[in-house]
$ cat data.txt   # compact mmCIF, C-alpha atoms
# COMPACT_ATOMS: atom_id res chain seq x y z
CA MET A 1 -33.21 23.33 18.24
CA ASP A 2 -35.05 26.46 17.17
CA VAL A 3 -32.25 28.82 16.11
CA SER A 4 -34.54 31.86 16.14
CA LYS A 5 -35.63 31.16 19.70
CA LEU A 6 -32.07 30.50 20.82
CA LYS A 7 -30.90 33.76 19.26
CA GLN A 8 -33.81 35.59 20.90
CA GLU A 9 -32.80 34.20 24.29
CA ARG A 10 -29.20 35.25 23.73
CA ASP A 11 -30.19 38.75 22.64
CA SER A 12 -32.52 39.04 25.62
CA ALA A 13 -29.67 38.04 27.94
CA ARG A 14 -27.38 40.62 26.31
CA LYS A 15 -30.07 43.28 26.67
CA GLU A 16 -30.34 42.53 30.37
CA VAL A 17 -26.55 42.86 30.68
CA ARG A 18 -26.67 46.27 28.96
CA THR A 19 -29.56 47.43 31.17
CA ILE A 20 -27.77 46.36 34.35
CA SER A 21 -24.51 47.93 33.14
CA VAL A 22 -26.27 51.27 32.50
CA ASP A 23 -27.88 51.05 35.93
CA ASN A 24 -24.50 50.33 37.54
CA ARG A 25 -22.87 53.26 35.76
CA ASP A 26 -25.65 55.48 37.07
CA LYS A 27 -25.10 54.19 40.61
CA ILE A 28 -21.35 54.74 40.34
CA SER A 29 -22.00 58.30 39.15
CA GLN A 30 -24.33 58.84 42.12
CA LEU A 31 -21.68 57.43 44.45
CA ARG A 32 -19.10 59.91 43.13
CA THR A 33 -21.55 62.75 43.74
CA HIS A 34 -22.35 61.57 47.28
CA PHE A 35 -18.66 61.00 48.08
CA ALA A 36 -17.86 64.55 46.92
CA LYS A 37 -20.76 65.91 48.99
CA ALA A 38 -19.65 63.91 52.02
CA SER A 39 -16.10 65.24 51.65
CA GLU A 40 -17.42 68.83 51.52
CA LEU A 41 -19.62 68.27 54.58
CA LYS A 42 -16.76 66.69 56.54
CA ALA A 43 -14.47 69.63 55.71
CA LEU A 44 -17.21 72.07 56.71
CA ARG A 45 -17.95 70.19 59.93
CA ASP A 46 -14.25 70.09 60.87
CA LYS A 47 -13.92 73.80 60.11
CA GLU A 48 -16.94 74.69 62.27
CA ASN A 49 -15.69 72.43 65.08
CA SER A 50 -12.30 74.12 64.89
CA LEU A 51 -13.91 77.57 65.14
CA ALA A 52 -16.13 76.40 68.01
CA ASN A 53 -13.07 75.08 69.88
CA GLU A 54 -11.20 78.31 69.22
CA PHE A 55 -14.00 80.47 70.68
CA ARG A 56 -14.49 77.98 73.54
CA LYS A 57 -10.82 78.37 74.52
CA LYS A 58 -11.13 82.16 74.38
CA ARG A 59 -14.28 81.99 76.50
CA ASP A 60 -12.71 79.66 79.05
CA SER A 61 -9.55 81.78 79.23
CA LEU A 62 -11.69 84.66 80.54
CA LYS A 63 -13.26 82.62 83.37
CA ASP A 64 -10.19 82.81 85.60
CA GLN A 65 -9.93 86.56 84.96
CA ILE A 66 -13.62 87.01 85.83
CA VAL A 67 -13.24 84.99 89.05
CA SER A 68 -10.15 86.99 89.96
CA SER A 69 -11.89 90.30 89.23
CA LYS A 70 -14.94 89.34 91.31
CA GLN A 71 -12.66 88.33 94.22
CA LYS A 72 -10.79 91.61 93.97
CA LEU A 73 -14.05 93.61 94.02
CA SER A 74 -15.23 91.64 97.04
CA GLU A 75 -12.00 92.48 98.88
CA MET A 76 -12.37 96.15 97.92
CA ARG A 77 -15.94 96.26 99.26
CA GLY A 78 -14.79 94.72 102.52
CA LYS A 79 -12.01 97.28 102.83
CA MET A 80 -14.39 100.17 102.12
CA ARG A 81 -16.82 98.90 104.76
CA SER A 82 -14.04 98.71 107.33
CA GLU A 83 -12.86 102.24 106.56
CA GLY A 84 -16.34 103.77 106.66
CA SER A 85 -17.87 105.98 104.09
CA GLY A 86 -14.89 108.39 104.05
CA ARG A 87 -14.92 112.02 103.09
CA ASN A 88 -14.07 113.81 99.93
CA PRO A 89 -10.44 115.04 100.24
CA ALA A 90 -11.32 118.11 98.18
CA ALA A 91 -14.03 119.03 100.68
CA ILE A 92 -11.63 118.54 103.60
CA GLN A 93 -8.99 120.68 101.88
CA GLU A 94 -11.56 123.39 101.22
CA GLU A 95 -12.59 123.39 104.87
CA ILE A 96 -8.95 123.59 106.04
CA GLU A 97 -8.28 126.57 103.75
CA ARG A 98 -11.42 128.30 105.01
CA MET A 99 -10.32 127.85 108.64
CA GLU A 100 -6.78 129.00 107.90
CA TRP A 101 -8.14 132.12 106.18
CA PHE A 102 -10.39 132.78 109.13
CA GLN A 103 -7.41 132.30 111.48
CA GLN A 104 -5.31 134.77 109.51
CA THR A 105 -7.93 137.46 109.02
CA GLU A 106 -9.90 137.44 112.26
CA ASP A 107 -8.83 138.82 115.62
CA LEU A 108 -8.97 135.70 117.80
CA ASN A 109 -8.15 135.30 121.48
CA ALA A 110 -5.78 132.56 122.65
CA LYS A 111 -8.53 130.07 123.40
CA GLU A 112 -10.24 130.53 120.02
CA GLU A 113 -6.87 130.32 118.27
CA LYS A 114 -6.08 127.08 120.08
CA GLU A 115 -9.45 125.46 119.25
CA LEU A 116 -9.23 126.46 115.57
CA SER A 117 -5.68 125.09 115.29
CA LYS A 118 -6.85 121.84 116.85
CA LYS A 119 -9.67 121.49 114.28
CA ILE A 120 -7.26 122.17 111.43
CA LYS A 121 -4.91 119.47 112.74
CA GLU A 122 -7.77 116.96 113.00
CA LEU A 123 -8.79 117.69 109.42
CA LEU A 124 -5.20 117.28 108.25
CA LYS A 125 -5.11 113.87 109.97
CA GLN A 126 -8.27 112.83 108.07
CA MET A 127 -6.78 113.78 104.70
CA PRO A 128 -4.65 110.63 104.04
CA GLN A 129 -7.55 108.31 104.93
CA ALA A 130 -9.94 110.33 102.79
CA GLN A 131 -7.49 110.31 99.89
CA GLY A 132 -7.00 106.57 100.31
CA PHE A 133 -10.74 105.98 100.37
CA GLN A 134 -11.23 108.06 97.22
CA GLN A 135 -8.43 106.17 95.50
CA LEU A 136 -10.07 102.91 96.55
CA LEU A 137 -13.38 104.10 95.07
CA LYS A 138 -11.61 105.00 91.87
CA GLU A 139 -9.92 101.59 91.69
CA TYR A 140 -13.20 99.85 92.53
CA SER A 141 -14.98 101.66 89.69
CA ALA A 142 -12.20 100.77 87.23
CA GLU A 143 -12.24 97.12 88.32
CA ARG A 144 -16.02 96.99 88.01
CA ASP A 145 -15.81 98.35 84.45
CA LYS A 146 -13.12 95.79 83.69
CA LEU A 147 -15.34 92.97 85.00
CA LYS A 148 -18.27 94.20 82.90
CA LYS A 149 -16.13 94.11 79.76
CA LEU A 150 -14.81 90.65 80.62
CA ILE A 151 -18.36 89.33 81.10
CA GLU A 152 -19.46 90.88 77.79
CA GLN A 153 -16.48 89.30 76.03
CA GLU A 154 -17.19 85.92 77.62
CA LYS A 155 -20.83 86.17 76.53
CA GLY A 156 -19.76 87.03 72.97
CA PHE A 157 -17.34 84.10 72.84
CA HIS A 158 -20.02 81.80 74.28
CA GLU A 159 -22.49 82.87 71.59
CA LYS A 160 -19.87 82.27 68.87
CA THR A 161 -19.07 78.87 70.39
CA PHE A 162 -22.76 77.93 70.32
CA GLU A 163 -23.20 79.28 66.77
CA HIS A 164 -20.32 77.28 65.29
CA SER A 165 -21.16 74.18 67.35
CA LYS A 166 -24.69 74.30 65.94
CA LYS A 167 -23.34 74.62 62.38
CA ALA A 168 -20.90 71.76 63.00
CA GLN A 169 -23.75 69.56 64.25
CA ALA A 170 -25.88 70.43 61.20
CA SER A 171 -22.98 69.48 58.91
CA HIS A 172 -22.42 66.30 60.89
CA ASP A 173 -26.10 65.31 60.60
CA ALA A 174 -25.99 65.98 56.85
CA LEU A 175 -22.77 63.92 56.63
CA ILE A 176 -24.47 61.00 58.40
CA ALA A 177 -27.36 61.23 55.91
CA GLU A 178 -24.89 61.19 52.99
CA SER A 179 -23.06 58.23 54.53
CA LYS A 180 -26.32 56.29 54.75
CA LYS A 181 -27.02 57.03 51.07
CA ILE A 182 -23.50 55.90 50.17
CA SER A 183 -23.90 52.70 52.18
CA ALA A 184 -27.25 51.92 50.54
CA LEU A 185 -25.84 52.58 47.05
CA GLN A 186 -22.74 50.47 47.74
CA GLN A 187 -24.92 47.60 48.91
CA SER A 188 -27.21 47.94 45.89
CA LEU A 189 -24.21 48.17 43.54
CA SER A 190 -22.67 45.08 45.10
CA GLN A 191 -25.90 43.15 44.48
CA THR A 192 -26.28 44.34 40.89
CA MET A 193 -22.61 43.59 40.17
CA GLU A 194 -23.27 40.00 41.23
CA LEU A 195 -26.38 39.98 39.07
CA LEU A 196 -24.42 41.44 36.14
CA LYS A 197 -21.83 38.71 36.50
CA ALA A 198 -24.56 36.07 36.40
CA LYS A 199 -26.30 37.67 33.39
CA GLU A 200 -23.03 38.03 31.51
CA GLY A 201 -22.41 34.34 32.12
CA ALA A 202 -25.89 33.51 30.83
CA ALA A 203 -25.39 35.66 27.71
CA VAL A 204 -22.02 34.01 26.99
CA GLU A 205 -23.58 30.59 27.52
CA LYS A 206 -26.49 31.34 25.15
CA HIS A 207 -24.09 32.71 22.55
CA GLY A 208 -21.99 29.55 22.84
CA GLU A 209 -25.06 27.38 22.33
CA LEU A 210 -26.05 29.45 19.30
CA VAL A 211 -22.58 29.13 17.78
CA LYS A 212 -22.67 25.38 18.26
CA VAL A 213 -26.01 25.14 16.47
CA VAL A 214 -25.41 27.43 13.47
CA GLY A 215 -21.66 27.92 13.43
CA GLU A 216 -19.69 31.11 14.01
CA ARG A 217 -19.56 32.14 10.37
CA LYS A 218 -23.20 31.53 9.66
CA LEU A 219 -24.19 33.33 12.86
CA HIS A 220 -22.07 36.29 11.84
CA GLU A 221 -23.71 36.37 8.41
CA MET A 222 -27.16 36.11 9.93
CA GLU A 223 -26.48 38.96 12.31
CA GLU A 224 -24.98 41.01 9.48
CA ARG A 225 -28.13 40.51 7.40
CA GLN A 226 -30.27 41.57 10.35
CA ARG A 227 -28.19 44.73 10.77
CA GLU A 228 -28.51 45.50 7.07
CA MET A 229 -32.26 44.99 7.24
CA ARG A 230 -32.49 47.34 10.24
CA ASP A 231 -30.37 49.93 8.41
CA GLU A 232 -32.52 49.60 5.30
CA ALA A 233 -35.70 49.98 7.32
CA ARG A 234 -34.35 53.15 8.92
CA ARG A 235 -33.32 54.46 5.50
CA MET A 236 -36.76 53.75 4.04
CA GLN A 237 -38.43 55.45 7.00
CA ALA A 238 -36.27 58.53 6.52
CA GLN A 239 -37.07 58.56 2.79
CA GLN A 240 -40.77 58.21 3.49
CA ARG A 241 -40.65 61.15 5.92
CA LYS A 242 -39.03 63.28 3.19
CA ILE A 243 -41.75 62.31 0.69
CA GLU A 244 -44.47 63.13 3.22
CA ASP A 245 -42.90 66.53 3.99
CA LYS A 246 -42.68 67.29 0.27
CA ALA A 247 -46.23 66.05 -0.31
CA ARG A 248 -47.63 68.31 2.43
CA ALA A 249 -45.98 71.30 0.76
CA ILE A 250 -47.41 70.32 -2.66
CA TYR A 251 -50.84 69.69 -1.17
CA GLY A 252 -50.74 73.11 0.42
CA ARG A 253 -50.10 74.70 -2.97
CA LEU A 254 -52.86 72.59 -4.55
CA LYS A 255 -55.37 73.74 -1.94
CA ALA A 256 -54.32 77.33 -2.61
CA GLY A 257 -55.40 76.89 -6.22
CA GLU A 258 -51.97 76.51 -7.79
CA LYS A 259 -51.34 74.08 -10.64
CA ILE A 260 -49.02 71.15 -9.92
CA SER A 261 -47.01 68.95 -12.28
CA ARG A 262 -47.54 65.29 -13.04
CA GLU A 263 -44.46 64.38 -11.01
CA GLU A 264 -45.83 66.32 -8.05
CA MET A 265 -49.16 64.49 -8.40
CA MET A 266 -47.23 61.20 -8.20
CA VAL A 267 -45.56 62.41 -5.02
CA LEU A 268 -48.98 63.06 -3.51
CA GLN A 269 -50.10 59.55 -4.48
CA GLN A 270 -46.93 57.96 -3.05
CA SER A 271 -47.44 59.76 0.23
CA GLY A 272 -51.00 58.52 0.56
CA ILE A 273 -52.48 62.02 0.73
CA LEU A 274 -54.42 61.38 -2.51
$ encode --input "data.txt" --output "structure tokens"
Amino acid sequence: MDVSKLKQERDSARKEVRTISVDNRDKISQLRTHFAKASELKALRDKENSLANEFRKKRDSLKDQIVSSKQKLSEMRGKMRSEGSGRNPAAIQEEIERMEWFQQTEDLNAKEEKELSKKIKELLKQMPQAQGFQQLLKEYSAERDKLKKLIEQEKGFHEKTFEHSKKAQASHDALIAESKKISALQQSLSQTMELLKAKEGAAVEKHGELVKVVGERKLHEMEERQREMRDEARRMQAQQRKIEDKARAIYGRLKAGEKISREEMMVLQQSGIL
């Protein structure tokens, strides 16, 4: 059997193993990155969902208060309609005082005195109703302001609920995308791991065949010689690069009109410049 060909097949199999191993390490690194990203997105999604639920509860807690306030205002409007428009108690009091002053300062006959007293009594009877109506107006205005604030708060909580729900959905969508990437990488890694196992088996098999043909010791010596030859080639290349760098510097001086030594001329010849 051709030892050189057998060794080439073994080395090719080992190279494939190394290539697949590097690819797998890269995939594992990508998986770690995607898992970390997925963890961040899940935490962010859960946080935004928690905030959305918190604002939703606050919003919903105001609904009963708003319904109650609207019902109360409706009852107040009904009561005001039943009691009429009412009069301003301050205006009634002012009119009573004016009549009393007129009664005290003017010379009235018995009939005029009686009629004026009757009017004053009627106005005094109107006072409690007027005061009650004014109080009802005051309470109605306060309740209306309260309802307005409740509605504004509910609107604010609703907007916050929507804002954080939208952010939670965006994080969830991104998490799904990351999960798909993870799934695809895991599937790909599973396939390449199977392939790696097969290639490793092939490399071991080829190495075993090679050992059988040339023997373990001889194979080791052959590989050692190949390594030495590769090292020597690299060393020679490095030495040649140094000579070329030195030759370029000497050639630069020569072009500038400077004299060079015999040894420097040999360097130029070795480099191939001359």
$ residues_around --input "data.txt" --residues "segment 42-46 of chain A" --least-positions-apart "6" --cutoff "8 Å" --atoms "only C-alpha atoms" --output "short mmCIF file (atom, residue, chain, number, x, y, z; two decimals) with C-alpha atoms, in the frame of the given file"
data_model
loop_
_atom_site.label_atom_id
_atom_site.label_comp_id
_atom_site.auth_asym_id
_atom_site.auth_seq_id
_atom_site.Cartn_x
_atom_site.Cartn_y
_atom_site.Cartn_z
CA LYS A 167 -23.34 74.62 62.38
CA ALA A 168 -20.90 71.76 63.00
CA GLN A 169 -23.75 69.56 64.25
CA SER A 171 -22.98 69.48 58.91
CA HIS A 172 -22.42 66.30 60.89
CA LEU A 175 -22.77 63.92 56.63
#
$ closest_residue --input "data.txt" --among "A:Lys197, A:Lys27, A:Lys148, A:Lys138" --to "Lys70 of chain A" --atoms "only C-alpha atoms"
A:Lys148
$ closest_residue --input "data.txt" --among "A:Lys180, A:Arg241, A:Lys111, A:His158" --to "Lys63 of chain A" --atoms "all atoms listed in the file"
A:His158
$ atom_distance --input "data.txt" --atom1 "atom CA of Phe162 of chain A" --atom2 "atom CA of Ala52 of chain A"
7.2 Å
$ residues_near_point --input "data.txt" --point "(-20.0, 58.5, 52.9)" --cutoff "10 Å" --atoms "all atoms listed in the file" --output "list of chain:residue names"
A:Leu31, A:Arg32, A:His34, A:Phe35, A:Ala36, A:Lys37, A:Ala38, A:Ser39, A:Leu41, A:Lys42, A:Leu175, A:Ile176, A:Ala177, A:Glu178, A:Ser179, A:Lys180, A:Lys181, A:Ile182, A:Ser183, A:Gln186
$ build_atoms --input "data.txt" --residues "segment 182-193 of chain A" --atoms "all heavy atoms" --output "compact mmCIF listing (two decimals), in the frame of the given file"
# COMPACT_ATOMS: atom_id res chain seq x y z
N ILE A 182 -24.66 56.58 50.75
CA ILE A 182 -23.50 55.90 50.17
C ILE A 182 -23.53 54.41 50.50
O ILE A 182 -23.31 53.55 49.63
CB ILE A 182 -22.19 56.53 50.69
CG1 ILE A 182 -22.00 57.92 50.07
CG2 ILE A 182 -20.99 55.65 50.37
CD1 ILE A 182 -20.87 58.72 50.68
N SER A 183 -23.84 54.10 51.76
CA SER A 183 -23.90 52.70 52.18
C SER A 183 -24.97 51.93 51.42
O SER A 183 -24.74 50.80 50.96
CB SER A 183 -24.18 52.65 53.69
OG SER A 183 -24.26 51.32 54.13
N ALA A 184 -26.15 52.57 51.27
CA ALA A 184 -27.25 51.92 50.54
C ALA A 184 -26.88 51.70 49.07
O ALA A 184 -27.15 50.63 48.50
CB ALA A 184 -28.51 52.76 50.65
N LEU A 185 -26.25 52.70 48.45
CA LEU A 185 -25.84 52.58 47.05
C LEU A 185 -24.76 51.51 46.87
O LEU A 185 -24.79 50.75 45.90
CB LEU A 185 -25.32 53.93 46.53
CG LEU A 185 -26.37 54.90 45.98
CD1 LEU A 185 -25.75 56.26 45.73
CD2 LEU A 185 -26.97 54.35 44.69
N GLN A 186 -23.81 51.46 47.81
CA GLN A 186 -22.74 50.47 47.74
C GLN A 186 -23.32 49.05 47.85
O GLN A 186 -22.90 48.14 47.13
CB GLN A 186 -21.72 50.71 48.84
CG GLN A 186 -20.83 51.91 48.58
CD GLN A 186 -19.88 52.20 49.73
OE1 GLN A 186 -20.23 51.99 50.89
NE2 GLN A 186 -18.70 52.69 49.43
N GLN A 187 -24.28 48.90 48.75
CA GLN A 187 -24.92 47.60 48.91
C GLN A 187 -25.69 47.21 47.65
O GLN A 187 -25.61 46.07 47.17
CB GLN A 187 -25.86 47.62 50.12
CG GLN A 187 -26.49 46.27 50.42
CD GLN A 187 -27.36 46.32 51.66
OE1 GLN A 187 -27.46 47.34 52.33
NE2 GLN A 187 -28.00 45.20 52.00
N SER A 188 -26.44 48.18 47.11
CA SER A 188 -27.21 47.94 45.89
C SER A 188 -26.28 47.62 44.72
O SER A 188 -26.54 46.71 43.92
CB SER A 188 -28.07 49.16 45.56
OG SER A 188 -28.76 48.97 44.35
N LEU A 189 -25.17 48.38 44.62
CA LEU A 189 -24.21 48.17 43.54
C LEU A 189 -23.57 46.79 43.65
O LEU A 189 -23.35 46.10 42.64
CB LEU A 189 -23.14 49.26 43.57
CG LEU A 189 -22.10 49.22 42.46
CD1 LEU A 189 -22.77 49.38 41.10
CD2 LEU A 189 -21.08 50.34 42.66
N SER A 190 -23.27 46.39 44.88
CA SER A 190 -22.67 45.08 45.10
C SER A 190 -23.61 43.97 44.61
O SER A 190 -23.18 43.01 43.97
CB SER A 190 -22.36 44.89 46.58
OG SER A 190 -21.86 43.60 46.83
N GLN A 191 -24.90 44.15 44.91
CA GLN A 191 -25.90 43.15 44.48
C GLN A 191 -26.03 43.11 42.96
O GLN A 191 -26.08 42.03 42.36
CB GLN A 191 -27.24 43.46 45.13
CG GLN A 191 -27.24 43.27 46.64
CD GLN A 191 -28.52 43.78 47.28
OE1 GLN A 191 -29.34 44.45 46.64
NE2 GLN A 191 -28.71 43.48 48.56
N THR A 192 -26.11 44.30 42.34
CA THR A 192 -26.28 44.34 40.89
C THR A 192 -25.01 43.90 40.15
O THR A 192 -25.09 43.40 39.03
CB THR A 192 -26.69 45.75 40.41
OG1 THR A 192 -25.77 46.72 40.93
CG2 THR A 192 -28.09 46.09 40.85
N MET A 193 -23.86 44.09 40.78
CA MET A 193 -22.61 43.59 40.17
C MET A 193 -22.62 42.06 40.14
O MET A 193 -22.18 41.44 39.16
CB MET A 193 -21.40 44.09 40.96
CG MET A 193 -21.12 45.58 40.78
SD MET A 193 -20.68 46.03 39.08
CE MET A 193 -19.00 45.41 39.02
